[in-house]
Amino acid sequence: MQNTIEFNATIYPKVMSLVLGKPKKTIDNNFANDMEPELAIDLPRGAYLIYIQNMFDEHKQSEIELFKKYAYGVTLEDSDYSSLLDLIMTSTPRNWNQSINNGDILSQFGLGISEDDNGKRKFVILDAAKDTIRVEAWEGIIIDLLNKSAMDIISCFDFESHFSRKNDNSSGNDKLYISLGAWKFSSDEAEQKLSNALRTAFMFTLVGYYVGDRKNQYSTFIDYFESEFYKRVSLVFGMWSSLQNKADVKYMPLYDSFHNLSSTSKNELIDVLKALLDNQYSAVDEKQDLKNQLILSAGEFHNNLSASDAMLEQTLIKPAINLVLLREKAKETIASAEILLAEGKYVDCANRCYYAMMFSLKTLLEYQGKLANWKANELKESETHNSLENGLTDLVNARILSSSDKADFEYVKDQRWKCDYSLYCFRKEDAEHCVKLIKKFFSKIEGIIS
């Protein structure tokens, strides 16, 4: 008697059902005009189930052991998760149904029909589709294993309140529905795009573990997954809650290798980062975590720079990330100056006002492509105070800034110099005036780079 292993086959999608028939035989062994069912299958679900059955028929022992643990609900060890990732982290193309359009429904799902010597037919996986179906079958299992953890994390963010449905969805839900599956489930473009972004975040989290990114910072795979997936979902939520057109949402691999940004434009990256860091719905610590990650990733990229990477850094990574983080420094330094003003620490306020001016100026110079590249092994431009002030003069000569902007800069600089290097009476009204000037200067630059 053959043992049966039961599991929930609905982890795989069903987009259509197909029933194939054969002519009915009459009593006199003639064929009638009508047909009787012979083969039936749900697609694409059936393709994955055939693969799993073949896995047992072909005695793929390592895969069988993993599948049994999954089906029987055995708690997986880190080594099991590593083995699962080995099965899906391949260059095998996904979405076989997108690769063929010859009118044959079965072949579009990677299937065909074989017939034995007795004329009995059965569905079989096409040789060319075997690798794709194998990978997708295991992806479905990994998603099911981690689905509860993933959905618990997603539920920490109020995606629903930033969504209004424009079309019906095939699930028939009025509320926002999220799926980590690879197949389209909704006719509402924003709803589908959000799920696509979250699925991509999910897969990038797994890729990070597979290639070892920050893996050693966690005691277990589950600890890694829950912490790292949370960061990526936070990033997607930041974009989702700041976008006017929700259908524009997508995952931006800011917690992953910067090589994945190669198809992103500088302006797109700047806009995304500004939206994320300005977002009123995102927690302060999540924003700080993102800034820290940008610095760490940029440093790792810069310190291991190859000749082929230099162009990517010079045209995208340095100008975009440098601009955004300089802008953040300007915002934070303005906030510090306001706190010092409120606390009556006017001399220290003068110092912060000057540096708020300096960071604001550097932001604009970076936007104009006038800041030097980072130094070797250091995320720092080879600029001096004099070279930056020369850059300010150039901006005035080019009529990007006005002579009054320059005068404001020089006034704040002079006040800071007197406060820091001499005995100088710097009063509350002086500090208030400097804070007013730096906020005006920053606002001017914001209007230019928006």
# chains A, B, ... in the order shown; residues from 1 in each chain; ligands from 1

$ select_by_dssp --residues "segment 82-327 of chain A" --states "strand (DSSP E)" --output "list of chain:residue names"
A:Leu111, A:Gly112, A:Ile113, A:Ser114, A:Glu115, A:Arg121, A:Lys122, A:Phe123, A:Val124, A:Ile125

$ residues_around --residues "Lys69 of chain A" --least-positions-apart "2" --cutoff "12 Å" --atoms "only C-alpha atoms" --output "ChimeraX atom specification"
/A:5-7,62-67,71-77,80-81,84,141,145

$ closest_residue --among "A:Leu235, A:Ala337, A:Leu395, A:Ala247" --to "Cys349 of chain A" --atoms "only C-alpha atoms"
A:Ala337

$ closest_residue --among "A:Val135, A:Leu106, A:Met357, A:Ile153" --to "Lys331 of chain A" --atoms "only C-alpha atoms"
A:Met357

$ select_by_dssp --residues "segment 195-285 of chain A" --states "helix (DSSP H, G or I)" --output "PyMOL selection string"
chain A and resi 195-211+215-217+221-242+246-248+258-261+266-278+284-285

$ closest_residue --among "A:Pro44, A:Gly344, A:Gly119, A:Pro319" --to "Ser265 of chain A" --atoms "only C-alpha atoms"
A:Pro319

$ decode --residues "segment 149-167 of chain A" --atoms "N, CA and C atoms" --output "JSON list (two decimals), in the first residue's frame"
[["chain", "number", "residue", "atom", "x", "y", "z"],
["A", 149, "SER", "N", 4.30, 34.83, 9.36],
["A", 149, "SER", "CA", 5.25, 35.82, 9.86],
["A", 149, "SER", "C", 5.25, 37.06, 8.99],
["A", 150, "ALA", "N", 5.23, 36.84, 7.68],
["A", 150, "ALA", "CA", 5.25, 37.96, 6.74],
["A", 150, "ALA", "C", 4.00, 38.82, 6.88],
["A", 151, "MET", "N", 2.84, 38.20, 6.97],
["A", 151, "MET", "CA", 1.59, 38.94, 7.07],
["A", 151, "MET", "C", 1.47, 39.66, 8.42],
["A", 152, "ASP", "N", 2.00, 39.06, 9.47],
["A", 152, "ASP", "CA", 2.02, 39.73, 10.77],
["A", 152, "ASP", "C", 2.84, 41.02, 10.69],
["A", 153, "ILE", "N", 3.95, 40.96, 9.97],
["A", 153, "ILE", "CA", 4.79, 42.14, 9.80],
["A", 153, "ILE", "C", 4.08, 43.19, 8.95],
["A", 154, "ILE", "N", 3.48, 42.77, 7.86],
["A", 154, "ILE", "CA", 2.76, 43.70, 6.98],
["A", 154, "ILE", "C", 1.63, 44.39, 7.73],
["A", 155, "SER", "N", 0.98, 43.64, 8.64],
["A", 155, "SER", "CA", -0.14, 44.21, 9.39],
["A", 155, "SER", "C", 0.29, 45.28, 10.38],
["A", 156, "CYS", "N", 1.59, 45.40, 10.63],
["A", 156, "CYS", "CA", 2.09, 46.46, 11.50],
["A", 156, "CYS", "C", 1.96, 47.83, 10.85],
["A", 157, "PHE", "N", 1.72, 47.86, 9.56],
["A", 157, "PHE", "CA", 1.65, 49.11, 8.81],
["A", 157, "PHE", "C", 0.24, 49.29, 8.26],
["A", 158, "ASP", "N", -0.24, 50.52, 8.32],
["A", 158, "ASP", "CA", -1.64, 50.79, 7.95],
["A", 158, "ASP", "C", -1.75, 51.09, 6.45],
["A", 159, "PHE", "N", -1.48, 50.08, 5.64],
["A", 159, "PHE", "CA", -1.61, 50.25, 4.20],
["A", 159, "PHE", "C", -3.05, 50.60, 3.82],
["A", 160, "GLU", "N", -4.02, 50.02, 4.52],
["A", 160, "GLU", "CA", -5.43, 50.15, 4.17],
["A", 160, "GLU", "C", -5.89, 51.61, 4.15],
["A", 161, "SER", "N", -5.47, 52.39, 5.14],
["A", 161, "SER", "CA", -5.98, 53.75, 5.24],
["A", 161, "SER", "C", -5.43, 54.67, 4.16],
["A", 162, "HIS", "N", -4.45, 54.21, 3.42],
["A", 162, "HIS", "CA", -3.88, 55.01, 2.33],
["A", 162, "HIS", "C", -4.28, 54.45, 0.96],
["A", 163, "PHE", "N", -5.45, 53.80, 0.91],
["A", 163, "PHE", "CA", -5.87, 53.12, -0.31],
["A", 163, "PHE", "C", -7.36, 53.32, -0.54],
["A", 164, "SER", "N", -7.73, 53.61, -1.77],
["A", 164, "SER", "CA", -9.14, 53.62, -2.15],
["A", 164, "SER", "C", -9.26, 52.87, -3.47],
["A", 165, "ARG", "N", -10.17, 51.93, -3.50],
["A", 165, "ARG", "CA", -10.29, 51.05, -4.66],
["A", 165, "ARG", "C", -10.90, 51.77, -5.86],
["A", 166, "LYS", "N", -10.33, 51.52, -7.02],
["A", 166, "LYS", "CA", -10.86, 52.10, -8.25],
["A", 166, "LYS", "C", -11.55, 51.06, -9.12],
["A", 167, "ASN", "N", -11.17, 49.82, -8.94],
["A", 167, "ASN", "CA", -11.76, 48.72, -9.73],
["A", 167, "ASN", "C", -12.10, 47.56, -8.81]]
